[in-house]
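Reproduced below: work-v2.cif, with mmCIF, C-alpha atoms.
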data_start
loop_
_atom_site.label_atom_id
_atom_site.label_comp_id
_atom_site.auth_asym_id
_atom_site.auth_seq_id
_atom_site.Cartn_x
_atom_site.Cartn_y
_atom_site.Cartn_z
CA MET Q 1020 257.87 81.55 -13.24
CA PRO Q 1021 254.49 83.15 -14.16
CA GLU Q 1022 254.78 86.39 -16.15
CA CYS Q 1023 252.96 88.47 -13.50
CA LEU Q 1024 255.27 87.17 -10.78
CA LYS Q 1025 258.33 87.87 -12.94
CA PHE Q 1026 257.16 91.46 -13.35
CA ARG Q 1027 256.68 91.96 -9.61
CA VAL Q 1028 260.10 90.50 -8.85
CA ALA Q 1029 261.73 92.71 -11.48
CA ALA Q 1030 260.03 95.82 -10.13
CA ALA Q 1031 261.03 95.04 -6.55
CA VAL Q 1032 264.66 94.36 -7.47
CA LEU Q 1033 265.06 97.43 -9.65
CA ALA Q 1034 263.49 99.79 -7.13
CA VAL Q 1035 266.22 99.20 -4.56
CA LEU Q 1036 268.96 100.02 -7.08
CA PHE Q 1037 268.07 103.71 -7.30
CA ALA Q 1038 268.27 106.50 -4.75
CA PHE Q 1039 267.77 110.25 -4.49
CA PRO Q 1040 268.56 112.59 -5.89
CA VAL Q 1041 268.07 111.55 -9.49
CA ALA Q 1042 270.29 114.41 -10.64
CA ALA Q 1043 270.37 116.04 -14.05
CA ALA Q 1044 273.92 114.70 -14.40
CA ASP Q 1045 272.50 111.17 -14.10
CA ILE Q 1046 270.24 111.77 -17.10
CA ASP Q 1047 272.71 112.02 -19.97
CA ARG Q 1048 272.38 110.84 -23.56
CA ALA Q 1049 273.89 107.44 -22.81
CA SER Q 1050 271.43 106.80 -19.97
CA LEU Q 1051 268.46 107.51 -22.25
CA TYR Q 1052 269.55 104.71 -24.57
CA ARG Q 1053 270.30 102.29 -21.71
CA ALA Q 1054 267.82 100.21 -19.73
CA GLN Q 1055 267.80 97.52 -17.07
CA SER Q 1056 265.56 94.57 -16.39
CA VAL Q 1057 265.55 91.28 -14.50
CA THR Q 1058 265.47 87.94 -16.25
CA ASN Q 1059 265.62 84.35 -15.10
CA GLY Q 1060 268.88 83.32 -16.74
CA THR Q 1061 271.29 84.03 -19.59
CA GLY Q 1062 269.88 81.66 -22.20
CA GLU Q 1063 268.52 82.97 -25.49
CA GLU Q 1064 264.87 82.75 -24.44
CA ASN Q 1065 265.51 84.45 -21.09
CA ARG Q 1066 267.62 87.12 -22.78
CA ALA Q 1067 264.78 87.89 -25.18
CA TRP Q 1068 262.35 88.12 -22.26
CA GLY Q 1069 264.67 90.53 -20.42
CA LEU Q 1070 265.46 92.73 -23.44
CA ALA Q 1071 261.83 93.32 -24.47
CA PRO Q 1072 260.97 95.68 -21.58
CA CYS Q 1073 264.39 97.33 -21.99
CA LEU Q 1074 263.59 98.36 -25.55
CA GLU Q 1075 260.15 99.63 -24.57
CA GLU Q 1076 261.70 101.64 -21.71
CA VAL Q 1077 264.28 103.24 -24.01
CA LEU Q 1078 261.66 104.20 -26.60
CA VAL Q 1079 259.63 105.88 -23.85
CA LYS Q 1080 262.63 107.61 -22.26
CA VAL Q 1081 264.02 108.97 -25.50
CA SER Q 1082 260.67 110.19 -26.87
CA GLY Q 1083 259.12 111.24 -23.56
CA ASP Q 1084 255.88 109.53 -24.56
CA PRO Q 1085 254.56 106.91 -22.10
CA ARG Q 1086 251.69 106.14 -24.47
CA LEU Q 1087 254.13 103.80 -26.24
CA ILE Q 1088 253.87 101.43 -23.27
CA GLY Q 1089 251.74 98.52 -24.40
CA ASP Q 1090 251.61 99.73 -28.00
CA PRO Q 1091 251.30 96.60 -30.23
CA ARG Q 1092 253.86 98.05 -32.65
CA VAL Q 1093 256.38 98.40 -29.83
CA ALA Q 1094 255.59 94.86 -28.68
CA GLU Q 1095 256.47 93.59 -32.15
CA MET Q 1096 259.71 95.61 -32.19
CA SER Q 1097 260.57 94.23 -28.74
CA ARG Q 1098 260.58 90.69 -30.11
CA HIS Q 1099 263.73 91.72 -31.98
CA ALA Q 1100 265.24 93.94 -29.28
CA ALA Q 1101 268.67 92.27 -29.54
CA ASP Q 1102 268.98 93.56 -33.11
CA TYR Q 1103 269.05 97.13 -31.81
CA ALA Q 1104 271.44 96.57 -28.89
CA THR Q 1105 275.13 97.44 -28.97
CA GLN Q 1106 276.04 95.91 -25.61
CA ILE Q 1107 274.34 93.50 -23.20
CA GLY Q 1108 275.61 92.71 -19.72
CA TYR Q 1109 274.48 90.49 -16.86
CA ARG Q 1110 274.89 90.56 -13.09
CA ASP Q 1111 274.03 87.55 -10.96
CA LEU Q 1112 271.42 88.58 -8.40
CA LEU Q 1113 272.51 85.71 -6.14
CA ASN Q 1114 275.98 87.27 -5.86
CA ASN Q 1115 277.60 84.32 -7.61
CA ARG Q 1116 276.53 81.84 -4.92
CA PRO Q 1117 276.60 78.24 -6.23
CA PRO Q 1118 273.34 76.86 -7.65
CA HIS Q 1119 271.12 75.22 -5.05
CA ASP Q 1120 268.99 72.08 -5.23
CA GLU Q 1121 268.17 71.35 -8.89
CA GLN Q 1122 268.80 74.89 -10.04
CA GLY Q 1123 271.06 75.31 -13.06
CA THR Q 1124 272.77 78.38 -14.39
CA HIS Q 1125 270.09 78.68 -17.08
CA ASP Q 1126 267.41 79.69 -14.56
CA ARG Q 1127 269.32 81.85 -12.09
CA PRO Q 1128 267.94 85.41 -11.70
CA GLN Q 1129 270.05 87.93 -13.57
CA TYR Q 1130 270.13 91.72 -13.65
CA ILE Q 1131 270.43 92.59 -17.35
CA THR Q 1132 271.66 95.92 -18.73
CA ALA Q 1133 271.34 96.80 -22.40
CA ASP Q 1134 272.73 99.71 -24.40
CA PHE Q 1135 270.92 100.45 -27.64
CA ALA Q 1136 272.20 102.15 -30.80
CA PRO Q 1137 270.87 105.73 -30.83
CA ASP Q 1138 270.48 105.86 -34.61
CA LYS Q 1139 268.43 102.65 -34.61
CA ILE Q 1140 266.24 103.81 -31.71
CA ASP Q 1141 265.66 107.18 -33.36
CA ALA Q 1142 264.68 105.40 -36.58
CA LEU Q 1143 262.21 103.20 -34.68
CA LEU Q 1144 260.69 106.30 -33.11
CA GLY Q 1145 260.37 107.89 -36.54
CA SER Q 1146 258.43 104.85 -37.74
CA LEU Q 1147 256.13 105.32 -34.75
CA GLY Q 1148 255.57 108.99 -35.54
CA ARG Q 1149 257.71 110.13 -32.60
CA LYS Q 1150 261.02 111.93 -32.23
CA PRO Q 1151 263.62 112.24 -29.45
CA TRP Q 1152 262.88 114.73 -26.67
CA PRO Q 1153 266.20 116.58 -26.34
CA LEU Q 1154 268.29 117.16 -23.25
CA PRO Q 1155 268.46 118.81 -20.81
CA ARG Q 1156 265.24 117.69 -19.13
CA PRO Q 1157 263.45 119.91 -16.57
CA ALA Q 1158 264.38 119.20 -12.94
CA ILE Q 1159 261.37 117.98 -10.94
CA VAL Q 1160 260.75 118.53 -7.24
CA ALA Q 1161 258.20 116.09 -5.77
CA LEU Q 1162 256.16 117.16 -2.74
CA LEU Q 1163 254.05 114.12 -1.88
CA ASP Q 1164 251.87 113.47 1.18
CA VAL Q 1165 251.31 109.82 2.09
CA LYS Q 1166 248.35 108.45 4.06
CA PRO Q 1167 249.12 104.78 4.79
CA MET Q 1168 246.71 102.04 5.79
CA LYS Q 1169 248.01 102.16 9.38
CA GLY Q 1170 249.76 104.81 11.40
CA ASN Q 1171 250.23 108.51 10.85
CA GLY Q 1172 250.52 110.19 7.50
CA PHE Q 1173 253.79 111.76 6.39
CA THR Q 1174 255.40 113.78 3.65
CA LEU Q 1175 257.86 111.76 1.61
CA VAL Q 1176 261.28 113.31 2.19
CA ARG Q 1177 264.79 112.58 1.07
CA ASP Q 1178 266.10 111.29 4.41
CA GLY Q 1179 262.98 110.04 6.19
CA ASP Q 1180 262.89 107.11 8.60
CA GLY Q 1181 260.85 103.95 8.34
CA GLU Q 1182 260.76 100.94 6.08
CA LEU Q 1183 257.71 102.11 4.12
CA GLU Q 1184 259.29 105.48 3.43
CA ALA Q 1185 262.53 103.85 2.27
CA ASP Q 1186 260.63 101.50 -0.05
CA MET Q 1187 258.63 104.39 -1.47
CA ARG Q 1188 261.74 106.49 -2.08
CA GLY Q 1189 263.31 103.59 -3.97
CA ALA Q 1190 260.17 103.12 -6.08
CA LEU Q 1191 259.91 106.82 -6.89
CA ALA Q 1192 263.60 107.14 -7.75
CA ALA Q 1193 263.38 104.09 -10.03
CA ALA Q 1194 260.33 105.54 -11.79
CA ALA Q 1195 262.14 108.85 -12.34
CA TYR Q 1196 265.35 107.32 -13.66
CA ARG Q 1197 263.53 104.91 -15.93
CA THR Q 1198 261.62 107.78 -17.55
CA GLY Q 1199 264.70 109.98 -17.93
CA LEU Q 1200 263.56 112.72 -15.55
CA PRO Q 1201 265.75 114.43 -12.93
CA LEU Q 1202 263.81 114.35 -9.66
CA GLU Q 1203 264.42 115.54 -6.11
CA LEU Q 1204 262.63 115.11 -2.79
CA PRO Q 1205 262.74 117.81 -0.11
CA LYS Q 1206 264.59 117.41 3.13
CA PRO Q 1207 262.43 117.70 6.28
CA GLN Q 1208 263.54 121.29 6.89
CA ASP Q 1209 262.55 122.28 3.36
CA ILE Q 1210 258.86 121.35 3.61
CA ALA Q 1211 257.81 124.57 5.33
CA LEU Q 1212 259.39 126.77 2.66
CA ALA Q 1213 256.95 128.81 0.61
CA ASP Q 1214 258.73 127.95 -2.65
CA VAL Q 1215 260.25 124.52 -2.14
CA THR Q 1216 260.86 124.13 -5.88
CA ARG Q 1217 263.03 127.21 -6.10
CA ALA Q 1218 264.83 126.34 -2.86
CA LEU Q 1219 265.86 122.95 -4.26
CA GLY Q 1220 266.88 124.32 -7.63
CA GLY Q 1221 264.02 122.67 -9.48
CA ASP Q 1222 262.12 123.79 -12.57
CA VAL Q 1223 258.79 122.05 -11.99
CA LEU Q 1224 256.76 121.04 -8.94
CA LEU Q 1225 255.00 117.66 -8.84
CA ALA Q 1226 252.68 117.62 -5.84
CA GLY Q 1227 250.04 115.22 -4.68
CA THR Q 1228 248.61 112.79 -2.17
CA LEU Q 1229 249.02 109.03 -2.07
CA ALA Q 1230 246.43 107.40 0.18
CA TRP Q 1231 245.52 103.79 0.96
CA ARG Q 1232 241.77 103.36 0.31
CA PRO Q 1233 240.07 100.06 1.26
CA GLU Q 1234 237.19 100.75 -1.13
CA ALA Q 1235 239.68 101.08 -3.98
CA LEU Q 1236 241.51 97.90 -2.92
CA GLY Q 1237 244.80 99.74 -3.07
CA TRP Q 1238 246.50 103.11 -3.22
CA VAL Q 1239 244.91 106.20 -4.73
CA GLY Q 1240 247.19 108.87 -6.12
CA ASP Q 1241 246.02 112.42 -6.82
CA TRP Q 1242 248.67 114.39 -8.70
CA ARG Q 1243 249.20 118.03 -9.58
CA LEU Q 1244 251.88 119.41 -11.87
CA ALA Q 1245 252.62 123.12 -12.16
CA SER Q 1246 254.54 124.09 -15.29
CA LYS Q 1247 254.78 127.35 -17.27
CA GLY Q 1248 251.90 128.96 -15.43
CA LYS Q 1249 249.50 126.05 -15.93
CA GLU Q 1250 248.36 123.33 -13.52
CA TYR Q 1251 247.58 119.77 -14.57
CA ARG Q 1252 245.69 117.18 -12.50
CA TRP Q 1253 245.23 113.43 -12.86
CA GLN Q 1254 244.53 110.39 -10.69
CA VAL Q 1255 245.23 106.68 -10.42
CA ARG Q 1256 243.23 104.27 -8.23
CA GLY Q 1257 243.52 100.80 -6.76
CA VAL Q 1258 247.20 100.15 -7.49
CA SER Q 1259 250.44 99.38 -5.64
CA PHE Q 1260 252.51 102.37 -4.58
CA ASP Q 1261 255.11 101.37 -7.20
CA ASP Q 1262 252.47 101.67 -9.91
CA ALA Q 1263 251.17 104.89 -8.40
CA PHE Q 1264 254.60 106.52 -8.58
CA ARG Q 1265 255.09 105.26 -12.12
CA ASN Q 1266 251.77 106.88 -13.02
CA ALA Q 1267 252.82 110.17 -11.44
CA VAL Q 1268 256.19 110.28 -13.17
CA ARG Q 1269 254.93 109.07 -16.54
CA GLY Q 1270 252.19 111.70 -16.48
CA THR Q 1271 254.82 114.33 -15.72
CA LEU Q 1272 256.97 113.02 -18.58
CA GLN Q 1273 254.08 113.13 -21.04
CA ILE Q 1274 253.17 116.72 -20.18
CA LEU Q 1275 256.67 118.16 -20.15
CA SER Q 1276 257.73 116.44 -23.38
CA GLY Q 1277 254.75 117.88 -25.25
CA ASN Q 1278 253.10 114.51 -25.86
CA GLY Q 1279 249.69 115.47 -24.54
CA GLU Q 1280 248.23 115.06 -21.06
CA PRO Q 1281 247.43 112.01 -18.90
CA GLU Q 1282 243.80 111.11 -18.47
CA PRO Q 1283 242.27 112.88 -15.43
#

Target format structure tokens, applied to this file:
Amino acid sequence: MPECLKFRVAAAVLAVLFAFPVAAADIDRASLYRAQSVTNGTGEENRAWGLAPCLEEVLVKVSGDPRLIGDPRVAEMSRHAADYATQIGYRDLLNNRPPHDEQGTHDRPQYITADFAPDKIDALLGSLGRKPWPLPRPAIVALLDVKPMKGNGFTLVRDGDGELEADMRGALAAAAYRTGLPLELPKPQDIALADVTRALGGDVLLAGTLAWRPEALGWVGDWRLASKGKEYRWQVRGVSFDDAFRNAVRGTLQILSGNGEPEP
């Protein structure tokens, strides 16, 4: 399977495994050192392929610094991800159905979960000039307006109807959990409140607009984050809505953890 296709399949599978709210109780120390991915079997080569993004995710979650994504030093560490793991588990994405056609057990899609040793991860971060961002993390409330390619626009809410809304909620929840940030969406009746963040018990408001733009060949996300009396703004263009939400949440993570600001 081509690498780009593997990534898209992994993203789609993982997005449906998460739901709102991503509560502060869900973001504990163990969860920061745990990550999930999708691989195409349980063999050594497939395991290595599945563990590499897990290690990168944990380094980002623990440090709060998304700039480690794609860092060549992290890529080299990820080649040896199994050396830092304490437990690795698999779940058959085909629900244990028998292999079909010429398929063998070596190439069946698997959901892989890895727990990493905190002391080893912290040491890796130290070698990268980073340190763990301690718990508890600020609770985020997301107030996001969506302007799709067809149909009416809407505000993304916790219990909204429609297939697109459900897919977007899954993608946003996955992005939040995989960056170690508690995140909540408003209910429909909360949108009109003057202080939706306070009403939902949040610490920080992430607001913005996600619009489909033909000239950008994809979604355009304009994000605003209000924290400690300061407002931050950044944008992403021409991406899938999964990537747009990852950009929004990673930018929030970078700001709140004190690792700088996302590019405007």

So which residues touch stretch 1268-1274 of chain Q within 9 Å, counting only C-alpha atoms, skipping near sequence neighbours fewer than 3 positions away, as JSON, numbers by chain? {"Q": [1080, 1083, 1084, 1085, 1086, 1159, 1191, 1194, 1195, 1198, 1199, 1200, 1225, 1242, 1244, 1246, 1251, 1253, 1263, 1264, 1265, 1277, 1278, 1279, 1280, 1281, 1282]}

What are the nearest atom pairs, with distances in Å to one decimal, for all residues of stretch 1136-1176 of chain Q that come at most 12 Å from stretch 1098-1105 of chain Q, using only C-alpha atoms, set out by chain and rising residue number as CSV?
residue,atom,partner,partner_atom,distance
Q:Ala1136,CA,Q:Thr1105,CA,5.8
Q:Pro1137,CA,Q:Tyr1103,CA,8.8
Q:Asp1138,CA,Q:Tyr1103,CA,9.3
Q:Lys1139,CA,Q:Tyr1103,CA,6.2
Q:Ile1140,CA,Q:Tyr1103,CA,7.2
Q:Asp1141,CA,Q:Tyr1103,CA,10.7
Q:Ala1142,CA,Q:Tyr1103,CA,10.5
Q:Leu1143,CA,Q:Tyr1103,CA,9.6

May I ask for the distance between atom CA of Q:Tyr1130 and atom CA of Q:Asp1111, given in Å to one decimal place?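 That distance, rounded to one decimal, is 6.3 Å.
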
Expressed in Å to a single decimal, how great is the separation between atom CA of Q:Lys1166 and atom CA of Q:Leu1229?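 According to the coordinates, atom CA of Q:Lys1166 and atom CA of Q:Leu1229 are separated by 6.2 Å.
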
Spatial neighbours of Q:Gln1208, 12 Å, only C-alpha atoms, chain gap at least 6 places, as a list in words: Thr1174, Val1176, Arg1177, Asp1178, Gly1179, Val1215, Ala1218 and Leu1219 of chain Q

Using all atoms listed in the file, can you list as a list in words the residues within 9 Å of (257.6, 99.9, -25.1)?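 Output: Ala1071, Pro1072, Cys1073, Leu1074, Glu1075, Glu1076, Val1077, Leu1078, Val1079, Pro1085, Arg1086, Leu1087, Ile1088, Gly1089, Asp1090, Pro1091, Arg1092, Val1093, Ala1094, Met1096 and Ser1097 of chain Q.
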
Residue selection dump (C-alpha atoms) as an mmCIF file, in the frame of the given file:
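Printed below is selection-v2.cif as written:
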data_model
loop_
_atom_site.group_PDB
_atom_site.id
_atom_site.type_symbol
_atom_site.label_atom_id
_atom_site.label_comp_id
_atom_site.auth_asym_id
_atom_site.auth_seq_id
_atom_site.Cartn_x
_atom_site.Cartn_y
_atom_site.Cartn_z
ATOM 1 C CA ALA Q 1071 261.830 93.320 -24.470
ATOM 2 C CA PRO Q 1072 260.970 95.680 -21.580
ATOM 3 C CA CYS Q 1073 264.390 97.330 -21.990
ATOM 4 C CA LEU Q 1074 263.590 98.360 -25.550
ATOM 5 C CA GLU Q 1075 260.150 99.630 -24.570
ATOM 6 C CA GLU Q 1076 261.700 101.640 -21.710
ATOM 7 C CA VAL Q 1077 264.280 103.240 -24.010
ATOM 8 C CA LEU Q 1078 261.660 104.200 -26.600
ATOM 9 C CA VAL Q 1079 259.630 105.880 -23.850
ATOM 10 C CA PRO Q 1085 254.560 106.910 -22.100
ATOM 11 C CA ARG Q 1086 251.690 106.140 -24.470
ATOM 12 C CA LEU Q 1087 254.130 103.800 -26.240
ATOM 13 C CA ILE Q 1088 253.870 101.430 -23.270
ATOM 14 C CA GLY Q 1089 251.740 98.520 -24.400
ATOM 15 C CA ASP Q 1090 251.610 99.730 -28.000
ATOM 16 C CA PRO Q 1091 251.300 96.600 -30.230
ATOM 17 C CA ARG Q 1092 253.860 98.050 -32.650
ATOM 18 C CA VAL Q 1093 256.380 98.400 -29.830
ATOM 19 C CA ALA Q 1094 255.590 94.860 -28.680
ATOM 20 C CA MET Q 1096 259.710 95.610 -32.190
ATOM 21 C CA SER Q 1097 260.570 94.230 -28.740
#

Please work out which residues fall within 12 Å of (240.9, 94.8, -3.9), coordinates as given in the file, with only C-alpha atoms counting, and return them as a PyMOL selection string. chain Q and resi 1231-1238+1256-1259

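The two atoms in question, atom CA of Q:Val1081 and atom CA of Q:Thr1058, are spaced 23.0 Å apart.
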
Tell me which protein, DNA and RNA residues are within 8 Å of Q:Leu1144, counting all atoms listed in the file, leaving out same-chain ones fewer than 6 positions away, and put them as a PyMOL selection string. chain Q and resi 1078+1082+1150-1151

Show me, as a PyMOL selection string, the residues that have an atom within 12 Å of Q:Asn1171 when counting only C-alpha atoms, minus same-chain residues fewer than 3 positions from it. chain Q and resi 1164-1168+1174+1181+1183+1230-1231

Explicit residue set for the PyMOL selection byres ((chain Q and resi 1045) around 12), as number ranges by chain: Q: 1037-1044, 1046-1051, 1053, 1154-1156, 1158, 1192, 1195-1202

Would you export the selected residues with C-alpha atoms as an mmCIF file, in the frame of the given file, please?
data_model
loop_
_atom_site.group_PDB
_atom_site.id
_atom_site.type_symbol
_atom_site.label_atom_id
_atom_site.label_comp_id
_atom_site.auth_asym_id
_atom_site.auth_seq_id
_atom_site.Cartn_x
_atom_site.Cartn_y
_atom_site.Cartn_z
ATOM 1 C CA PHE Q 1037 268.070 103.710 -7.300
ATOM 2 C CA ALA Q 1038 268.270 106.500 -4.750
ATOM 3 C CA PHE Q 1039 267.770 110.250 -4.490
ATOM 4 C CA PRO Q 1040 268.560 112.590 -5.890
ATOM 5 C CA VAL Q 1041 268.070 111.550 -9.490
ATOM 6 C CA ALA Q 1042 270.290 114.410 -10.640
ATOM 7 C CA ALA Q 1043 270.370 116.040 -14.050
ATOM 8 C CA ALA Q 1044 273.920 114.700 -14.400
ATOM 9 C CA ILE Q 1046 270.240 111.770 -17.100
ATOM 10 C CA ASP Q 1047 272.710 112.020 -19.970
ATOM 11 C CA ARG Q 1048 272.380 110.840 -23.560
ATOM 12 C CA ALA Q 1049 273.890 107.440 -22.810
ATOM 13 C CA SER Q 1050 271.430 106.800 -19.970
ATOM 14 C CA LEU Q 1051 268.460 107.510 -22.250
ATOM 15 C CA ARG Q 1053 270.300 102.290 -21.710
ATOM 16 C CA LEU Q 1154 268.290 117.160 -23.250
ATOM 17 C CA PRO Q 1155 268.460 118.810 -20.810
ATOM 18 C CA ARG Q 1156 265.240 117.690 -19.130
ATOM 19 C CA ALA Q 1158 264.380 119.200 -12.940
ATOM 20 C CA ALA Q 1192 263.600 107.140 -7.750
ATOM 21 C CA ALA Q 1195 262.140 108.850 -12.340
ATOM 22 C CA TYR Q 1196 265.350 107.320 -13.660
ATOM 23 C CA ARG Q 1197 263.530 104.910 -15.930
ATOM 24 C CA THR Q 1198 261.620 107.780 -17.550
ATOM 25 C CA GLY Q 1199 264.700 109.980 -17.930
ATOM 26 C CA LEU Q 1200 263.560 112.720 -15.550
ATOM 27 C CA PRO Q 1201 265.750 114.430 -12.930
ATOM 28 C CA LEU Q 1202 263.810 114.350 -9.660
#

Please write all heavy atoms of stretch 1167-1175 of chain Q, from the structure given just now, as a CSV table (one decimal), in the first residue's frame.
chain,number,residue,atom,x,y,z
Q,1167,PRO,N,-19.5,24.9,4.1
Q,1167,PRO,CA,-19.1,23.8,3.2
Q,1167,PRO,C,-19.2,24.2,1.8
Q,1167,PRO,O,-19.7,25.2,1.4
Q,1167,PRO,CB,-20.2,22.7,3.6
Q,1167,PRO,CG,-21.3,23.5,4.1
Q,1167,PRO,CD,-20.8,24.7,4.8
Q,1168,MET,N,-18.8,23.2,0.9
Q,1168,MET,CA,-18.9,23.5,-0.5
Q,1168,MET,C,-20.3,23.6,-1.0
Q,1168,MET,O,-20.6,24.4,-1.9
Q,1168,MET,CB,-18.2,22.3,-1.3
Q,1168,MET,CG,-18.2,22.4,-2.8
Q,1168,MET,SD,-17.1,21.2,-3.6
Q,1168,MET,CE,-17.7,19.7,-2.9
Q,1169,LYS,N,-21.2,22.8,-0.4
Q,1169,LYS,CA,-22.6,22.8,-0.8
Q,1169,LYS,C,-23.5,23.0,0.5
Q,1169,LYS,O,-23.1,22.5,1.5
Q,1169,LYS,CB,-23.0,21.6,-1.5
Q,1169,LYS,CG,-22.3,21.4,-2.9
Q,1169,LYS,CD,-22.8,20.1,-3.5
Q,1169,LYS,CE,-22.0,19.9,-4.9
Q,1169,LYS,NZ,-22.5,18.6,-5.5
Q,1170,GLY,N,-24.6,23.6,0.3
Q,1170,GLY,CA,-25.5,23.7,1.5
Q,1170,GLY,C,-25.2,24.8,2.4
Q,1170,GLY,O,-24.3,25.7,2.1
Q,1171,ASN,N,-26.0,24.9,3.5
Q,1171,ASN,CA,-25.9,26.0,4.4
Q,1171,ASN,C,-24.7,25.8,5.3
Q,1171,ASN,O,-24.3,24.7,5.7
Q,1171,ASN,CB,-27.2,26.2,5.2
Q,1171,ASN,CG,-28.3,26.5,4.3
Q,1171,ASN,OD1,-28.2,27.2,3.3
Q,1171,ASN,ND2,-29.5,26.0,4.7
Q,1172,GLY,N,-24.2,27.0,5.8
Q,1172,GLY,CA,-23.1,26.9,6.8
Q,1172,GLY,C,-23.7,26.5,8.2
Q,1172,GLY,O,-24.9,26.6,8.4
Q,1173,PHE,N,-22.8,26.2,9.1
Q,1173,PHE,CA,-23.3,25.8,10.4
Q,1173,PHE,C,-22.2,26.0,11.4
Q,1173,PHE,O,-21.0,26.1,11.0
Q,1173,PHE,CB,-23.8,24.3,10.4
Q,1173,PHE,CG,-22.7,23.3,10.0
Q,1173,PHE,CD1,-21.8,22.8,10.8
Q,1173,PHE,CD2,-22.7,22.9,8.6
Q,1173,PHE,CE1,-20.8,21.8,10.4
Q,1173,PHE,CE2,-21.7,22.0,8.2
Q,1173,PHE,CZ,-20.8,21.5,9.1
Q,1174,THR,N,-22.5,26.0,12.7
Q,1174,THR,CA,-21.6,26.0,13.8
Q,1174,THR,C,-21.4,24.6,14.2
Q,1174,THR,O,-22.4,23.9,14.5
Q,1174,THR,CB,-22.0,26.9,14.9
Q,1174,THR,OG1,-22.1,28.3,14.4
Q,1174,THR,CG2,-21.0,26.9,16.1
Q,1175,LEU,N,-20.2,24.1,14.4
Q,1175,LEU,CA,-19.9,22.8,14.8
Q,1175,LEU,C,-20.3,22.6,16.3
Q,1175,LEU,O,-19.7,23.3,17.1
Q,1175,LEU,CB,-18.4,22.4,14.5
Q,1175,LEU,CG,-18.1,20.9,14.6
Q,1175,LEU,CD1,-18.8,20.1,13.5
Q,1175,LEU,CD2,-16.6,20.8,14.5
